[in-house]
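In what follows, a structure is listed as structure tokens, so that the remarks can point back to it.
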Amino acid sequence: MRTRKWIKLSAIVLAIGLLASACSSDDGPDEDETATEGGTDTGQEGEASGDTLQTVTDRGTLVCGVNGAVPGFSFADEEGNITGFDADYCRAVAAAVLGDPDAVEFRQLTAEQRFTALQGGEIDVLIRNTTWTATRDGSEGATFATTTFYDGQGLMVKADSGVSELADLQGATVCVLSGTTTELNLTTLSEAEGLNLTPQTFEDNETLQSAFEQGQCQAWTSDKSQLAAVKSNFPEEQGGPDGLVILEDTISKEPLGPVTRDGDSQWSQIVDWVVIATIQAEEFGINQGNVEGFSSDSPDVQRFLGQSEGEAFDPGLGFPSTTWTTDVISAVGNYGEIYNRHVGPDTPLGLERGLNNLWTEGGLLYAPPYR
């Protein structure tokens with residue numbers, strides 16, 4: 001996917017500001033017609049100022065880019081309400097900077113739209129099953145926050161396909177979303193294993209699923225969490241969840257997490273530390289039910305909750321309140337609560353914590369000290 005790299009306004013552009021403004025005005029209406037309501041104005045303000053926090057504060061809402069079509073992560077119901085693991089992290093950021101987890105405008109984006117929307121300032125943050133890679137970090141004008149979900153790519157087939165391992169897919173056609181790391185990984189797998197796979201690409205999950213159901217592809221490849229989400233919600237007339245099998249093979253590393261624009265370090269660290277706070281809260285035993293009255297003699301816990309030897313503790317990250325961690329945990333809970341609520345063992349997705357457990361429990365979640 002070709003994207004425009006987000007570039008700071010230079011002194012030269014400022015010197016010819018009147019001309020630049022005129023050109024921008026000419027382009028504006030066309031962009032508004034293709035963007036979701038409010039996207040262009042929001043983006044131009046945030047991009048020009050380089051101060052997303054101020055933009056969000058002045059607007060009074062957070063514009064958060066999500067998928068909207070992945071059960072358990074971000075899924076829009078018939079009334080347009082979006083819930084899920086990723087959606088809760090959007091709400092967590094809103095709680096931290098606005099004091100209101102409901103002050104979120106969700107922007108549903110396809111894989112091909114997401115970085116363009118981020119670079120153009122149509123969204124304030126992207127929290128949409130997006131893999132952290134070197135190229136994206138270096139060429140997409142993107143800054144990745146702490147990973148919220150450690151995933152890996154897999155393949156899913158119909159239960160009656162007779163396929164039980166990768167070798168059985170020799171010469172198969174595989175459904176895959178375009179503009180994703182998944183597409184590149186599939187090509188790598190095919191060449192490395194000599195499978196002669198034929199990718200059939202689609203821009204969105206809806207058309208991909210329709211093609212898969214119709215038998216246009218013998219397999220569907222994506223992050224395993226997304227495959228589990230699709231499987232949990234598969235139509236009964238197609239065999240329901242039992243009609244699908246996710247192969248055991250994991251063919252890549254897919255660290256997923258929030259993404260912000262390059263060039264606004266304060267906003268990036270705010271989003272980063274919101275994620276870190278949910279992880280640290282779980283390690284401290286602080287949850288949605290006890291955070292308001294939580295007390296401890298530990299200086300580490302006191303600092304985390306905004307106090308240090310009786311004085312307000314502010315590490316200088318840019319949060320508007322020293323008690324922002326309490327606002328976040330009160331709104332969405334700690335990491336474990338968010339995970340178990342939407343994708344854990346007792347949900348339709350049924351995902352064990354695994355790598356997404358605390359470091360003290362053998363996982364990869366590790367919060368740097370809040371001091």
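Residue numbers start at 1 in each chain; chains themselves are named A, B, ... in the order of the structure tokens; ligands are numbered from 1 in the order shown.
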Tell me, as a PyMOL selection string, which residues lie within 12 Å of segment 161-172 of chain A, counting only C-alpha atoms; anything in the same chain fewer than 4 positions away does not count. chain A and resi 154-157+186+189-200+215-221+243-251
Selected residues written out, C-alpha atoms, as an mmCIF file, in the first residue's frame:
```cif
data_model
loop_
_atom_site.group_PDB
_atom_site.id
_atom_site.type_symbol
_atom_site.label_atom_id
_atom_site.label_comp_id
_atom_site.auth_asym_id
_atom_site.auth_seq_id
_atom_site.Cartn_x
_atom_site.Cartn_y
_atom_site.Cartn_z
ATOM 1 C CA GLY A 154 -2.207 -18.763 11.266
ATOM 2 C CA LEU A 155 -4.426 -20.424 8.699
ATOM 3 C CA MET A 156 -8.032 -21.526 8.994
ATOM 4 C CA VAL A 157 -9.853 -24.102 6.892
ATOM 5 C CA LEU A 186 1.878 -15.756 3.155
ATOM 6 C CA LEU A 189 5.614 -19.120 3.758
ATOM 7 C CA SER A 190 4.739 -20.361 0.295
ATOM 8 C CA GLU A 191 8.302 -19.891 -0.960
ATOM 9 C CA ALA A 192 9.991 -21.263 2.161
ATOM 10 C CA GLU A 193 7.855 -24.411 2.315
ATOM 11 C CA GLY A 194 7.457 -24.896 -1.439
ATOM 12 C CA LEU A 195 3.666 -24.860 -1.114
ATOM 13 C CA ASN A 196 2.906 -22.946 -4.325
ATOM 14 C CA LEU A 197 0.080 -21.054 -2.607
ATOM 15 C CA THR A 198 -2.038 -18.586 -4.570
ATOM 16 C CA PRO A 199 -3.138 -15.531 -2.552
ATOM 17 C CA GLN A 200 -6.545 -14.073 -3.298
ATOM 18 C CA GLY A 215 -15.301 -21.887 -1.658
ATOM 19 C CA GLN A 216 -13.204 -19.445 -3.696
ATOM 20 C CA CYS A 217 -10.337 -20.106 -1.263
ATOM 21 C CA GLN A 218 -9.331 -23.329 0.453
ATOM 22 C CA ALA A 219 -7.915 -21.452 3.458
ATOM 23 C CA TRP A 220 -8.106 -18.100 5.212
ATOM 24 C CA THR A 221 -4.979 -16.566 6.742
ATOM 25 C CA GLY A 243 -17.402 -25.853 10.899
ATOM 26 C CA LEU A 244 -13.945 -24.286 11.012
ATOM 27 C CA VAL A 245 -10.503 -25.427 12.132
ATOM 28 C CA ILE A 246 -7.497 -23.208 12.881
ATOM 29 C CA LEU A 247 -4.281 -25.073 12.077
ATOM 30 C CA GLU A 248 -1.749 -25.358 14.907
ATOM 31 C CA ASP A 249 1.083 -23.791 12.926
ATOM 32 C CA THR A 250 2.050 -20.205 13.834
ATOM 33 C CA ILE A 251 3.955 -18.717 10.916
#
```
Atom CA of Ala94 of chain A to atom CA of Lys253 of chain A, straight-line distance in Å: 29.2 Å
I'd like the contact shell of Asp204 of chain A - 10 Å cut-off, only C-alpha atoms, skipping same-chain residues fewer than 6 positions apart - returned as a ChimeraX atom specification. /A:67,69,109-112,176-178
In terms of only C-alpha atoms, the residue from A:Arg114, A:Arg91, A:Arg59, A:Arg371 at minimal distance from Ser330 of chain A is A:Arg91
Skipping near chain neighbours, those fewer than 2 positions away, what residues fall within 12 Å of Glu254 of chain A using only C-alpha atoms, listed as a count of residues only? 28
Atom CA of Arg341 of chain A to atom CA of Phe144 of chain A, straight-line distance in Å: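 So the two atoms, atom CA of Phe144 of chain A and atom CA of Arg341 of chain A, lie 24.3 Å apart.
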From segment 27-254 of chain A, collect each residue whose DSSP state is helix (DSSP H, G or I) and return the set as a PyMOL selection string. chain A and resi 27-34+39-49+52-59+85-98+114-119+134-139+166-169+181-193+205-213+224-232+236-238+241-243
Keeping only C-alpha atoms, write the selected residues as an mmCIF file, in the first residue's frame.
```
data_model
loop_
_atom_site.group_PDB
_atom_site.id
_atom_site.type_symbol
_atom_site.label_atom_id
_atom_site.label_comp_id
_atom_site.auth_asym_id
_atom_site.auth_seq_id
_atom_site.Cartn_x
_atom_site.Cartn_y
_atom_site.Cartn_z
ATOM 1 C CA ASP A 27 -8.318 20.182 -1.893
ATOM 2 C CA GLY A 28 -10.448 20.219 1.250
ATOM 3 C CA PRO A 29 -13.928 19.456 -0.146
ATOM 4 C CA ASP A 30 -12.722 16.375 -2.044
ATOM 5 C CA GLU A 31 -11.061 14.959 1.086
ATOM 6 C CA ASP A 32 -14.162 15.642 3.167
ATOM 7 C CA GLU A 33 -16.268 13.664 0.729
ATOM 8 C CA THR A 34 -14.111 10.567 1.129
ATOM 9 C CA GLY A 39 -11.962 13.778 9.775
ATOM 10 C CA THR A 40 -10.272 16.416 7.650
ATOM 11 C CA ASP A 41 -10.770 19.391 9.940
ATOM 12 C CA THR A 42 -9.677 17.355 12.939
ATOM 13 C CA GLY A 43 -6.566 16.122 11.174
ATOM 14 C CA GLN A 44 -5.414 19.460 9.797
ATOM 15 C CA GLU A 45 -5.587 21.043 13.202
ATOM 16 C CA GLY A 46 -3.718 18.227 14.944
ATOM 17 C CA GLU A 47 -1.140 17.882 12.170
ATOM 18 C CA ALA A 48 -0.386 21.597 11.874
ATOM 19 C CA SER A 49 0.037 22.165 15.581
ATOM 20 C CA THR A 52 -2.574 16.248 19.523
ATOM 21 C CA LEU A 53 -3.280 16.477 23.249
ATOM 22 C CA GLN A 54 -4.355 20.098 22.889
ATOM 23 C CA THR A 55 -6.429 19.259 19.825
ATOM 24 C CA VAL A 56 -8.210 16.425 21.641
ATOM 25 C CA THR A 57 -8.747 18.573 24.739
ATOM 26 C CA ASP A 58 -10.178 21.467 22.735
ATOM 27 C CA ARG A 59 -12.449 19.151 20.762
ATOM 28 C CA PHE A 85 -10.417 -5.252 23.560
ATOM 29 C CA ASP A 86 -9.156 -2.535 21.188
ATOM 30 C CA ALA A 87 -12.225 -0.382 21.787
ATOM 31 C CA ASP A 88 -11.563 -0.461 25.524
ATOM 32 C CA TYR A 89 -8.072 0.919 24.952
ATOM 33 C CA CYS A 90 -9.623 3.788 22.990
ATOM 34 C CA ARG A 91 -11.841 4.428 26.013
ATOM 35 C CA ALA A 92 -8.847 4.159 28.339
ATOM 36 C CA VAL A 93 -7.034 6.951 26.470
ATOM 37 C CA ALA A 94 -10.166 9.110 26.570
ATOM 38 C CA ALA A 95 -10.506 8.504 30.316
ATOM 39 C CA ALA A 96 -6.865 9.494 30.867
ATOM 40 C CA VAL A 97 -6.903 12.757 28.913
ATOM 41 C CA LEU A 98 -10.570 13.809 29.059
ATOM 42 C CA ARG A 114 -5.505 3.024 8.383
ATOM 43 C CA PHE A 115 -2.075 4.615 7.875
ATOM 44 C CA THR A 116 -3.383 7.210 5.447
ATOM 45 C CA ALA A 117 -5.975 8.216 8.035
ATOM 46 C CA LEU A 118 -3.299 8.390 10.729
ATOM 47 C CA GLN A 119 -0.827 10.373 8.641
ATOM 48 C CA ALA A 134 10.459 -1.966 11.094
ATOM 49 C CA THR A 135 9.090 -0.660 7.796
ATOM 50 C CA ARG A 136 5.952 0.719 9.377
ATOM 51 C CA ASP A 137 7.986 2.291 12.146
ATOM 52 C CA GLY A 138 10.374 3.834 9.635
ATOM 53 C CA SER A 139 8.285 4.614 6.553
ATOM 54 C CA LEU A 166 0.407 -26.981 6.188
ATOM 55 C CA ALA A 167 1.564 -29.671 3.752
ATOM 56 C CA ASP A 168 -2.079 -30.423 2.926
ATOM 57 C CA LEU A 169 -2.434 -26.943 1.441
ATOM 58 C CA THR A 181 1.782 -7.974 6.867
ATOM 59 C CA THR A 182 -0.340 -11.113 6.536
ATOM 60 C CA GLU A 183 -0.136 -10.938 2.747
ATOM 61 C CA LEU A 184 3.662 -10.656 2.815
ATOM 62 C CA ASN A 185 4.001 -13.483 5.342
ATOM 63 C CA LEU A 186 1.878 -15.756 3.155
ATOM 64 C CA THR A 187 4.232 -15.227 0.209
ATOM 65 C CA THR A 188 7.227 -15.935 2.432
ATOM 66 C CA LEU A 189 5.614 -19.120 3.758
ATOM 67 C CA SER A 190 4.739 -20.361 0.295
ATOM 68 C CA GLU A 191 8.302 -19.891 -0.960
ATOM 69 C CA ALA A 192 9.991 -21.263 2.161
ATOM 70 C CA GLU A 193 7.855 -24.411 2.315
ATOM 71 C CA ASN A 205 -13.225 -8.918 5.928
ATOM 72 C CA GLU A 206 -16.809 -8.887 4.715
ATOM 73 C CA THR A 207 -15.951 -9.600 1.081
ATOM 74 C CA LEU A 208 -13.177 -11.980 2.130
ATOM 75 C CA GLN A 209 -15.537 -14.029 4.292
ATOM 76 C CA SER A 210 -18.111 -14.195 1.531
ATOM 77 C CA ALA A 211 -15.502 -15.558 -0.878
ATOM 78 C CA PHE A 212 -14.307 -18.087 1.706
ATOM 79 C CA GLU A 213 -17.843 -19.278 2.371
ATOM 80 C CA LYS A 224 -4.766 -16.205 14.995
ATOM 81 C CA SER A 225 -6.761 -13.927 17.293
ATOM 82 C CA GLN A 226 -8.709 -12.612 14.305
ATOM 83 C CA LEU A 227 -9.298 -16.122 12.986
ATOM 84 C CA ALA A 228 -10.613 -17.082 16.426
ATOM 85 C CA ALA A 229 -12.923 -14.071 16.302
ATOM 86 C CA VAL A 230 -14.281 -15.060 12.892
ATOM 87 C CA LYS A 231 -14.665 -18.669 13.997
ATOM 88 C CA SER A 232 -16.636 -17.639 17.091
ATOM 89 C CA GLU A 236 -24.710 -21.495 11.551
ATOM 90 C CA GLU A 237 -25.778 -22.174 7.971
ATOM 91 C CA GLN A 238 -22.068 -22.515 7.212
ATOM 92 C CA PRO A 241 -17.822 -22.350 14.921
ATOM 93 C CA ASP A 242 -17.531 -26.142 14.673
ATOM 94 C CA GLY A 243 -17.402 -25.853 10.899
#
```
What's around segment 78-81 of chain A at 10 Å? Count only C-alpha atoms, leave out sequence neighbours fewer than 2 positions away in its own chain, and write the answer as a PyMOL selection string. chain A and resi 68+74-76+83+106
With C-alpha atoms kept, could you save the residues just selected as a compact mmCIF listing (two decimals), in the first residue's frame?
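Result file follows (out04.txt):
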```
# COMPACT_ATOMS: atom_id res chain seq x y z
CA GLY A 68 -15.03 -2.47 13.76
CA SER A 74 -13.60 -4.03 17.96
CA PHE A 75 -17.01 -4.96 16.66
CA ALA A 76 -19.95 -2.77 15.72
CA THR A 83 -17.08 -2.93 21.88
CA PHE A 106 -14.74 5.53 16.66
```
Using backbone DSSP assignments, extract all strand (DSSP E or B) residues from segment 192-313 of chain A; output them as a list in words.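 Output for segment 192-313 of chain A, strand (DSSP E or B) only: Thr198, Pro199, Gln200, Thr201, Phe202, Ala219, Trp220, Thr221, Ser222, Asp223, Leu244, Val245, Ile246, Glu254, Pro255, Leu256, Val259, Thr260, Arg261, Gln307, Ser308, Glu311 and Ala312 of chain A.
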Please save C-alpha atoms of the selected residues as a PDB file, in the first residue's frame.
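Now in out_9.pdb:
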```
ATOM      1  CA  THR A 198      -2.038 -18.586  -4.570  1.00  0.00           C
ATOM      2  CA  PRO A 199      -3.138 -15.531  -2.552  1.00  0.00           C
ATOM      3  CA  GLN A 200      -6.545 -14.073  -3.298  1.00  0.00           C
ATOM      4  CA  THR A 201      -6.679 -10.577  -1.824  1.00  0.00           C
ATOM      5  CA  PHE A 202      -9.565  -8.551  -0.472  1.00  0.00           C
ATOM      6  CA  ALA A 219      -7.915 -21.452   3.458  1.00  0.00           C
ATOM      7  CA  TRP A 220      -8.106 -18.100   5.212  1.00  0.00           C
ATOM      8  CA  THR A 221      -4.979 -16.566   6.742  1.00  0.00           C
ATOM      9  CA  SER A 222      -4.768 -13.820   9.344  1.00  0.00           C
ATOM     10  CA  ASP A 223      -3.629 -13.264  12.917  1.00  0.00           C
ATOM     11  CA  LEU A 244     -13.945 -24.286  11.012  1.00  0.00           C
ATOM     12  CA  VAL A 245     -10.503 -25.427  12.132  1.00  0.00           C
ATOM     13  CA  ILE A 246      -7.497 -23.208  12.881  1.00  0.00           C
ATOM     14  CA  GLU A 254       2.560 -10.248  15.224  1.00  0.00           C
ATOM     15  CA  PRO A 255       2.923  -7.720  18.078  1.00  0.00           C
ATOM     16  CA  LEU A 256      -0.235  -5.593  17.978  1.00  0.00           C
ATOM     17  CA  VAL A 259      -0.098   3.683  16.879  1.00  0.00           C
ATOM     18  CA  THR A 260       0.326   7.463  16.854  1.00  0.00           C
ATOM     19  CA  ARG A 261       1.816   9.899  14.344  1.00  0.00           C
ATOM     20  CA  GLN A 307       0.687  10.232  45.555  1.00  0.00           C
ATOM     21  CA  SER A 308       4.234  10.356  46.893  1.00  0.00           C
ATOM     22  CA  GLU A 311       2.130  14.914  47.870  1.00  0.00           C
ATOM     23  CA  ALA A 312       0.707  14.683  44.370  1.00  0.00           C
TER      24      ALA A 312
END
```
Using only C-alpha atoms, determine which residues lie at most 12 Å from Gly293 of chain A, disregarding the query and same-chain residues fewer than 3 positions distant; provide the list as a PyMOL selection string. chain A and resi 286-290+296+305+326+330
Pick from A:Val70, A:Leu62, A:Ala331, A:Leu358 nearest to Phe284 of chain A, counting only C-alpha atoms: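 Going through A:Val70, A:Leu62, A:Ala331, A:Leu358 one by one, the smallest distance to Phe284 of chain A is for A:Leu358.
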Nearest to Phe73 of chain A, restricted to only C-alpha atoms and choosing among A:Ala159, A:Ala103, A:Val275, A:Ile338, comes out as A:Ile338
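Note that the spacing between atom CA of Thr360 of chain A and atom CA of Glu282 of chain A amounts to 10.9 Å.
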Excluding segment 361-369 of chain A and residues on its chain fewer than 4 positions from it, collect all residues at most 10 Å away from it, counting only C-alpha atoms, and give them as an NGL selection string. :A and (146-150 or 273 or 275-281 or 283 or 300 or 303-304 or 335 or 353-357)
Kindly export the residues of the current selection with N, CA and C atoms, as a PDB file, in the first residue's frame.
```
ATOM      1  N   THR A 146       3.487   0.522  23.479  1.00  0.00           N
ATOM      2  CA  THR A 146       3.669  -0.802  24.070  1.00  0.00           C
ATOM      3  C   THR A 146       2.657  -1.791  23.488  1.00  0.00           C
ATOM      4  N   THR A 147       3.120  -2.963  23.163  1.00  0.00           N
ATOM      5  CA  THR A 147       2.252  -3.995  22.589  1.00  0.00           C
ATOM      6  C   THR A 147       1.131  -4.371  23.554  1.00  0.00           C
ATOM      7  N   THR A 148      -0.083  -4.382  23.039  1.00  0.00           N
ATOM      8  CA  THR A 148      -1.231  -4.793  23.855  1.00  0.00           C
ATOM      9  C   THR A 148      -1.584  -6.262  23.646  1.00  0.00           C
ATOM     10  N   PHE A 149      -1.193  -6.816  22.488  1.00  0.00           N
ATOM     11  CA  PHE A 149      -1.560  -8.207  22.216  1.00  0.00           C
ATOM     12  C   PHE A 149      -0.476  -8.862  21.359  1.00  0.00           C
ATOM     13  N   TYR A 150       0.168  -9.893  21.944  1.00  0.00           N
ATOM     14  CA  TYR A 150       1.180 -10.658  21.216  1.00  0.00           C
ATOM     15  C   TYR A 150       0.487 -11.786  20.462  1.00  0.00           C
ATOM     16  N   TRP A 273       1.839   5.175  27.922  1.00  0.00           N
ATOM     17  CA  TRP A 273       1.720   4.966  29.358  1.00  0.00           C
ATOM     18  C   TRP A 273       0.303   4.589  29.795  1.00  0.00           C
ATOM     19  N   VAL A 275      -1.381   2.302  28.158  1.00  0.00           N
ATOM     20  CA  VAL A 275      -1.256   0.845  28.044  1.00  0.00           C
ATOM     21  C   VAL A 275      -0.464   0.288  29.220  1.00  0.00           C
ATOM     22  N   ILE A 276       0.665   0.913  29.515  1.00  0.00           N
ATOM     23  CA  ILE A 276       1.521   0.448  30.606  1.00  0.00           C
ATOM     24  C   ILE A 276       0.767   0.447  31.931  1.00  0.00           C
ATOM     25  N   ALA A 277      -0.073   1.456  32.151  1.00  0.00           N
ATOM     26  CA  ALA A 277      -0.819   1.559  33.413  1.00  0.00           C
ATOM     27  C   ALA A 277      -1.744   0.367  33.622  1.00  0.00           C
ATOM     28  N   THR A 278      -2.382  -0.119  32.547  1.00  0.00           N
ATOM     29  CA  THR A 278      -3.282  -1.268  32.717  1.00  0.00           C
ATOM     30  C   THR A 278      -2.498  -2.520  33.087  1.00  0.00           C
ATOM     31  N   ILE A 279      -1.286  -2.640  32.564  1.00  0.00           N
ATOM     32  CA  ILE A 279      -0.428  -3.787  32.893  1.00  0.00           C
ATOM     33  C   ILE A 279       0.053  -3.688  34.339  1.00  0.00           C
ATOM     34  N   GLN A 280       0.522  -2.494  34.731  1.00  0.00           N
ATOM     35  CA  GLN A 280       1.024  -2.310  36.081  1.00  0.00           C
ATOM     36  C   GLN A 280      -0.074  -2.487  37.122  1.00  0.00           C
ATOM     37  N   ALA A 281      -1.269  -2.041  36.808  1.00  0.00           N
ATOM     38  CA  ALA A 281      -2.389  -2.189  37.735  1.00  0.00           C
ATOM     39  C   ALA A 281      -2.650  -3.665  38.040  1.00  0.00           C
ATOM     40  N   GLU A 283      -0.484  -6.078  37.916  1.00  0.00           N
ATOM     41  CA  GLU A 283       0.619  -6.572  38.735  1.00  0.00           C
ATOM     42  C   GLU A 283       0.462  -6.141  40.191  1.00  0.00           C
ATOM     43  N   ASP A 300       5.775   2.572  45.632  1.00  0.00           N
ATOM     44  CA  ASP A 300       5.533   2.345  44.212  1.00  0.00           C
ATOM     45  C   ASP A 300       4.046   2.443  43.892  1.00  0.00           C
ATOM     46  N   ARG A 303       2.824   6.140  44.281  1.00  0.00           N
ATOM     47  CA  ARG A 303       3.156   6.953  43.111  1.00  0.00           C
ATOM     48  C   ARG A 303       2.239   6.621  41.945  1.00  0.00           C
ATOM     49  N   PHE A 304       1.976   5.332  41.754  1.00  0.00           N
ATOM     50  CA  PHE A 304       1.122   4.900  40.650  1.00  0.00           C
ATOM     51  C   PHE A 304      -0.273   5.521  40.753  1.00  0.00           C
ATOM     52  N   TYR A 335      -5.294  -4.769  32.776  1.00  0.00           N
ATOM     53  CA  TYR A 335      -5.103  -5.528  31.536  1.00  0.00           C
ATOM     54  C   TYR A 335      -5.847  -6.869  31.576  1.00  0.00           C
ATOM     55  N   ARG A 353      -4.299 -16.814  28.057  1.00  0.00           N
ATOM     56  CA  ARG A 353      -3.411 -15.661  28.142  1.00  0.00           C
ATOM     57  C   ARG A 353      -2.076 -15.917  27.424  1.00  0.00           C
ATOM     58  N   GLY A 354      -1.433 -17.040  27.681  1.00  0.00           N
ATOM     59  CA  GLY A 354      -0.193 -17.355  26.994  1.00  0.00           C
ATOM     60  C   GLY A 354       0.835 -16.246  27.084  1.00  0.00           C
ATOM     61  N   LEU A 355       1.345 -15.794  25.945  1.00  0.00           N
ATOM     62  CA  LEU A 355       2.322 -14.712  25.907  1.00  0.00           C
ATOM     63  C   LEU A 355       1.762 -13.414  26.459  1.00  0.00           C
ATOM     64  N   ASN A 356       0.450 -13.294  26.470  1.00  0.00           N
ATOM     65  CA  ASN A 356      -0.191 -12.073  26.946  1.00  0.00           C
ATOM     66  C   ASN A 356      -0.472 -12.115  28.443  1.00  0.00           C
ATOM     67  N   ASN A 357       0.381 -12.798  29.155  1.00  0.00           N
ATOM     68  CA  ASN A 357       0.307 -12.831  30.604  1.00  0.00           C
ATOM     69  C   ASN A 357       1.394 -11.928  31.179  1.00  0.00           C
TER      70      ASN A 357
END
```
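Counting only C-alpha atoms and comparing A:Gly141, A:Leu349, A:Ser321, A:Gly285, the residue that lies closest to Asn334 of chain A is A:Gly285.
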